[in-house]
Every structure is written in C-alpha cells, then in structure tokens.
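To start, the structure under review is shown below, and the notes come after it.
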Amino acid sequence: MAMIETKGRILTKGKAEGTIIGTNVPLSFWGGFNPATGVVVDRHHPLCGVSLANHILVLPKGRGSCSGSGVLLDATVSGHAPSAILLAETDEIVALGGIVAEEIFSMQLPIIVLDEAPFEQALLASTACIEEDGIVMLRY
C-alpha cells in the first residue's frame with residue numbers, strides 16, 4: 001500500500017483516521033447535509049445519498065449560508081459529522097463549526113487546509129490519518 005505524508009494548515013486541531021470520501025464540488029452544510037444522519041441530501045451534489053459520518057471528507061470548500069457552521073456543529077455533537085475535513089482553501093464557515101464544537105463541547109473535528117497538489121492527492125487516496133500537528137498521511 002503506497003503512502004504519502006503531507007502537512008496542512010490547521011483550522012481546528014484533532015486526530016482522526018478513516019476512509020476518504022472526496023469531491024471537487026463544494027457542499028453547503030445548510031440544506032445540503034442532514035446533521036441527524038450524516039447524509040448528503042443536496043439532490044444536485046455528486047455525493048447525494050452518501051453518509052459522511054465517521055469518514056474523512058475531502059472537500060474544496062463549503063458553499064453557502066453562514067448557518068452551515070451550526071449544522072456542522074449539530075452533526076458533531078450528535079456523532080454524525082465527518083471524522084475530519086480536508087479542504088483546498090480556508091473556509092471560515094466550516095471552521096467555525098469545528099471551533100465551537102471544541103470550545104463549548106470539548107469535541108474535536110480536525111479541519112485542515114491542504115495545498116493544491118496534496119489536495120488532489122487526497123481526492124485519490126483511500127484512507128487518511130490526521131495528526132494533531134497537521135500531518136496528513138494518505139494511503140492508496
């Protein structure tokens with residue numbers, strides 16, 4: 001099994017490991033994701049019907065409403081959030097969901113921003129391991 005190690009920019013700390021679910025299409029957590037089930041419900045998104053719960057989500061960025069951070073927080077508290085999110089660019093709305101989960105509920109949702117080449121590699125990987133220091137191990 002091939003493995004690549006990269007370091008990303010930490011938006012929220014944490015450790016996670018799991019299967020990757022990736023997309024090049026931004027996702028709106030508000031209206032496009034059910035926090036009670038962890039399933040993408042946006043009928044126009046390529047991940048529609050897919051559960052993100054307990055997977056590493058590789059996503060270029062979020063899309064849409066600032067209330068998406070509350071939806072991500074709700075999913076984190078209910079145990080239906082991704083175990084980590086790897087982004088292609090900084091997204092304050094997505095990050096806020098992880099920040100509030102940590103500050104209020106002491107729950108970690110690692111959110112890491114990767115440079116372009118590592119992000120593209122993450123989309124192709126099958127699993128990832130994320131460390132507290134922002135190191136991301138991608139396995140193929």
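Lettering and numbering for the structure tokens are positional, with chains as A, B, ... in the shown order, residues counted from 1 in each chain, and ligands counted from 1 in the shown order.
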
At a cut-off of 9 Å, can you tabulate as CSV every residue of stretch 61-93 of chain A near stretch 117-132 of chain A together with its closest atom pair and the distance in Å to one decimal, using only C-alpha atoms and ordering rows by chain then number?
```
residue,atom,partner,partner_atom,distance
A:Ala84,CA,A:Ile130,CA,7.9
A:Leu86,CA,A:Phe119,CA,7.6
A:Leu87,CA,A:Phe119,CA,7.3
A:Ala88,CA,A:Phe119,CA,5.9
```

Dump C-alpha atoms for the selected residues as a short mmCIF file (atom, residue, chain, number, x, y, z; two decimals), in the first residue's frame?
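Below is the file out.cif, written as the result:
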```cif
data_model
loop_
_atom_site.label_atom_id
_atom_site.label_comp_id
_atom_site.auth_asym_id
_atom_site.auth_seq_id
_atom_site.Cartn_x
_atom_site.Cartn_y
_atom_site.Cartn_z
CA ALA A 84 -12.15 15.17 9.79
CA LEU A 86 -9.54 18.28 4.42
CA LEU A 87 -10.10 21.48 2.45
CA ALA A 88 -8.44 23.06 -0.59
#
```

- Task: May I have the residues within 7 Å of stretch 22-27 of chain A as an NGL selection string, using only C-alpha atoms and disregarding those fewer than 2 positions away in the same chain?
- Result: :A and (20 or 29 or 32 or 57-63 or 123)

Next, write the just-selected residues to a file, as a PDB file, in the first residue's frame, keeping C-alpha atoms as the atom set.
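What ended up in again-v1.pdb:
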```
ATOM      1  CA  ILE A  20     -11.864   9.080   2.497  1.00  0.00           C
ATOM      2  CA  PHE A  29     -23.942  22.025   5.011  1.00  0.00           C
ATOM      3  CA  GLY A  32     -27.314  20.026   1.676  1.00  0.00           C
ATOM      4  CA  LEU A  57     -14.260  14.362   3.969  1.00  0.00           C
ATOM      5  CA  VAL A  58     -12.079  15.848   1.221  1.00  0.00           C
ATOM      6  CA  LEU A  59     -13.852  18.987   0.053  1.00  0.00           C
ATOM      7  CA  PRO A  60     -12.583  22.050  -1.839  1.00  0.00           C
ATOM      8  CA  LYS A  61     -14.652  24.375   0.372  1.00  0.00           C
ATOM      9  CA  GLY A  62     -18.118  24.798   1.775  1.00  0.00           C
ATOM     10  CA  ARG A  63     -20.845  26.582  -0.140  1.00  0.00           C
ATOM     11  CA  LEU A 123      -9.014  13.031  -3.562  1.00  0.00           C
TER      12      LEU A 123
END
```

- Query: Using only C-alpha atoms, which residue out of A:Met137, A:Met1, A:Ile10, A:Leu109 lies closest to A:Ala81?
  - Reply: A:Leu109

- Task: Check chain A with DSSP on the backbone and list each residue it calls strand (DSSP E or B), as a PyMOL selection string.
- Result: chain A and resi 3-7+9-12+16-22+27+33-34+39-40+51+56-59+62+84-87+111-113+127-130+135-139

- Residues at most 12 Å from A:Gly14, counting only C-alpha atoms, excluding those fewer than 2 positions away in the same chain, as a count of residues only? 27

- Tell me which of A:Ala95, A:Glu116, A:Pro35, A:Glu89 sits closest to A:Ala75, counting only C-alpha atoms. A:Pro35

- For A:Leu114, which of A:Cys66, A:Gly31, A:Cys48, A:Thr90 is the closest residue, counting only C-alpha atoms? A:Thr90

- Task: Tell me, in Å to one decimal, how far atom CA of A:His80 is from atom CA of A:Val94.
- Result: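 Calculated distance between atom CA of A:His80 and atom CA of A:Val94 is 15.1 Å.
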
- Could you pull out the residues in stretch 22-137 of chain A that DSSP calls alpha helix (DSSP H) from the backbone, as a PyMOL selection string? chain A and resi 29-32+68-78+92-105+116-124

Serialized selection, N, CA and C atoms, as an mmCIF file, in the first residue's frame:
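So part_22.cif came out as:
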```cif
data_model
loop_
_atom_site.group_PDB
_atom_site.id
_atom_site.type_symbol
_atom_site.label_atom_id
_atom_site.label_comp_id
_atom_site.auth_asym_id
_atom_site.auth_seq_id
_atom_site.Cartn_x
_atom_site.Cartn_y
_atom_site.Cartn_z
ATOM 1 N N PHE A 29 -23.456 22.825 3.892
ATOM 2 C CA PHE A 29 -23.942 22.025 5.011
ATOM 3 C C PHE A 29 -25.364 22.429 5.378
ATOM 4 N N TRP A 30 -25.709 23.701 5.184
ATOM 5 C CA TRP A 30 -27.074 24.156 5.446
ATOM 6 C C TRP A 30 -27.934 23.813 4.232
ATOM 7 N N GLY A 31 -28.828 22.856 4.404
ATOM 8 C CA GLY A 31 -29.724 22.442 3.334
ATOM 9 C C GLY A 31 -29.195 21.332 2.448
ATOM 10 N N GLY A 32 -27.887 21.067 2.519
ATOM 11 C CA GLY A 32 -27.314 20.026 1.676
ATOM 12 C C GLY A 32 -26.845 18.813 2.448
ATOM 13 N N GLY A 68 -24.356 27.112 8.006
ATOM 14 C CA GLY A 68 -23.740 25.804 7.799
ATOM 15 C C GLY A 68 -22.842 25.398 8.949
ATOM 16 N N SER A 69 -22.218 26.379 9.620
ATOM 17 C CA SER A 69 -21.367 26.053 10.772
ATOM 18 C C SER A 69 -22.195 25.452 11.899
ATOM 19 N N GLY A 70 -23.425 25.942 12.080
ATOM 20 C CA GLY A 70 -24.311 25.387 13.102
ATOM 21 C C GLY A 70 -24.731 23.967 12.758
ATOM 22 N N VAL A 71 -24.949 23.707 11.481
ATOM 23 C CA VAL A 71 -25.319 22.356 11.036
ATOM 24 C C VAL A 71 -24.156 21.402 11.289
ATOM 25 N N LEU A 72 -22.946 21.842 10.965
ATOM 26 C CA LEU A 72 -21.771 21.006 11.203
ATOM 27 C C LEU A 72 -21.565 20.768 12.698
ATOM 28 N N LEU A 73 -21.804 21.786 13.503
ATOM 29 C CA LEU A 73 -21.740 21.635 14.962
ATOM 30 C C LEU A 73 -22.758 20.611 15.439
ATOM 31 N N ASP A 74 -23.987 20.721 14.965
ATOM 32 C CA ASP A 74 -25.047 19.781 15.340
ATOM 33 C C ASP A 74 -24.648 18.347 14.991
ATOM 34 N N ALA A 75 -24.092 18.162 13.800
ATOM 35 C CA ALA A 75 -23.668 16.825 13.377
ATOM 36 C C ALA A 75 -22.532 16.300 14.254
ATOM 37 N N THR A 76 -21.628 17.185 14.648
ATOM 38 C CA THR A 76 -20.512 16.783 15.507
ATOM 39 C C THR A 76 -21.022 16.321 16.866
ATOM 40 N N VAL A 77 -21.897 17.111 17.463
ATOM 41 C CA VAL A 77 -22.436 16.779 18.781
ATOM 42 C C VAL A 77 -23.266 15.494 18.739
ATOM 43 N N SER A 78 -23.992 15.272 17.642
ATOM 44 C CA SER A 78 -24.840 14.079 17.540
ATOM 45 C C SER A 78 -24.080 12.842 17.054
ATOM 46 N N GLU A 92 -14.106 29.826 6.492
ATOM 47 C CA GLU A 92 -14.404 30.263 7.855
ATOM 48 C C GLU A 92 -15.681 29.641 8.398
ATOM 49 N N ILE A 93 -16.665 29.425 7.535
ATOM 50 C CA ILE A 93 -17.942 28.858 7.982
ATOM 51 C C ILE A 93 -17.750 27.414 8.428
ATOM 52 N N VAL A 94 -17.039 26.624 7.638
ATOM 53 C CA VAL A 94 -16.766 25.237 8.012
ATOM 54 C C VAL A 94 -15.915 25.215 9.283
ATOM 55 N N ALA A 95 -14.898 26.053 9.338
ATOM 56 C CA ALA A 95 -14.017 26.086 10.504
ATOM 57 C C ALA A 95 -14.778 26.448 11.777
ATOM 58 N N LEU A 96 -15.720 27.373 11.683
ATOM 59 C CA LEU A 96 -16.467 27.807 12.863
ATOM 60 C C LEU A 96 -17.219 26.650 13.519
ATOM 61 N N GLY A 97 -17.766 25.745 12.719
ATOM 62 C CA GLY A 97 -18.441 24.575 13.289
ATOM 63 C C GLY A 97 -17.499 23.758 14.153
ATOM 64 N N GLY A 98 -16.261 23.554 13.679
ATOM 65 C CA GLY A 98 -15.267 22.817 14.451
ATOM 66 C C GLY A 98 -14.774 23.578 15.664
ATOM 67 N N ILE A 99 -14.639 24.895 15.528
ATOM 68 C CA ILE A 99 -14.170 25.717 16.646
ATOM 69 C C ILE A 99 -15.187 25.704 17.786
ATOM 70 N N VAL A 100 -16.454 25.881 17.462
ATOM 71 C CA VAL A 100 -17.491 25.899 18.501
ATOM 72 C C VAL A 100 -17.616 24.522 19.158
ATOM 73 N N ALA A 101 -17.509 23.454 18.373
ATOM 74 C CA ALA A 101 -17.568 22.096 18.942
ATOM 75 C C ALA A 101 -16.476 21.908 19.990
ATOM 76 N N GLU A 102 -15.289 22.432 19.696
ATOM 77 C CA GLU A 102 -14.185 22.285 20.642
ATOM 78 C C GLU A 102 -14.357 23.200 21.857
ATOM 79 N N GLU A 103 -14.708 24.443 21.616
ATOM 80 C CA GLU A 103 -14.788 25.420 22.706
ATOM 81 C C GLU A 103 -15.937 25.144 23.679
ATOM 82 N N ILE A 104 -17.086 24.752 23.168
ATOM 83 C CA ILE A 104 -18.256 24.579 24.030
ATOM 84 C C ILE A 104 -18.432 23.135 24.498
ATOM 85 N N PHE A 105 -18.158 22.175 23.607
ATOM 86 C CA PHE A 105 -18.441 20.774 23.926
ATOM 87 C C PHE A 105 -17.184 19.918 24.105
ATOM 88 N N GLU A 116 -2.609 22.780 -3.165
ATOM 89 C CA GLU A 116 -3.280 22.214 -4.341
ATOM 90 C C GLU A 116 -2.867 20.772 -4.654
ATOM 91 N N ALA A 117 -1.575 20.500 -4.742
ATOM 92 C CA ALA A 117 -1.131 19.141 -5.090
ATOM 93 C C ALA A 117 -1.522 18.112 -4.026
ATOM 94 N N PRO A 118 -1.290 18.375 -2.738
ATOM 95 C CA PRO A 118 -1.737 17.402 -1.731
ATOM 96 C C PRO A 118 -3.261 17.225 -1.710
ATOM 97 N N PHE A 119 -4.009 18.297 -1.982
ATOM 98 C CA PHE A 119 -5.467 18.168 -2.037
ATOM 99 C C PHE A 119 -5.858 17.205 -3.157
ATOM 100 N N GLU A 120 -5.264 17.371 -4.321
ATOM 101 C CA GLU A 120 -5.559 16.472 -5.454
ATOM 102 C C GLU A 120 -5.171 15.030 -5.113
ATOM 103 N N GLN A 121 -4.067 14.863 -4.387
ATOM 104 C CA GLN A 121 -3.654 13.525 -3.959
ATOM 105 C C GLN A 121 -4.650 12.952 -2.960
ATOM 106 N N ALA A 122 -5.174 13.788 -2.072
ATOM 107 C CA ALA A 122 -6.151 13.329 -1.082
ATOM 108 C C ALA A 122 -7.425 12.835 -1.752
ATOM 109 N N LEU A 123 -7.821 13.480 -2.840
ATOM 110 C CA LEU A 123 -9.014 13.031 -3.562
ATOM 111 C C LEU A 123 -8.855 11.610 -4.105
ATOM 112 N N LEU A 124 -7.627 11.205 -4.377
ATOM 113 C CA LEU A 124 -7.356 9.881 -4.948
ATOM 114 C C LEU A 124 -7.059 8.815 -3.890
#
```

- Task: For atom CA of A:Ile4 and atom CA of A:Ser28, determine how far apart the two atoms are, in Å to one decimal place.
- Result: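 Result for atom CA of A:Ile4 versus atom CA of A:Ser28: 29.1 Å, one decimal.
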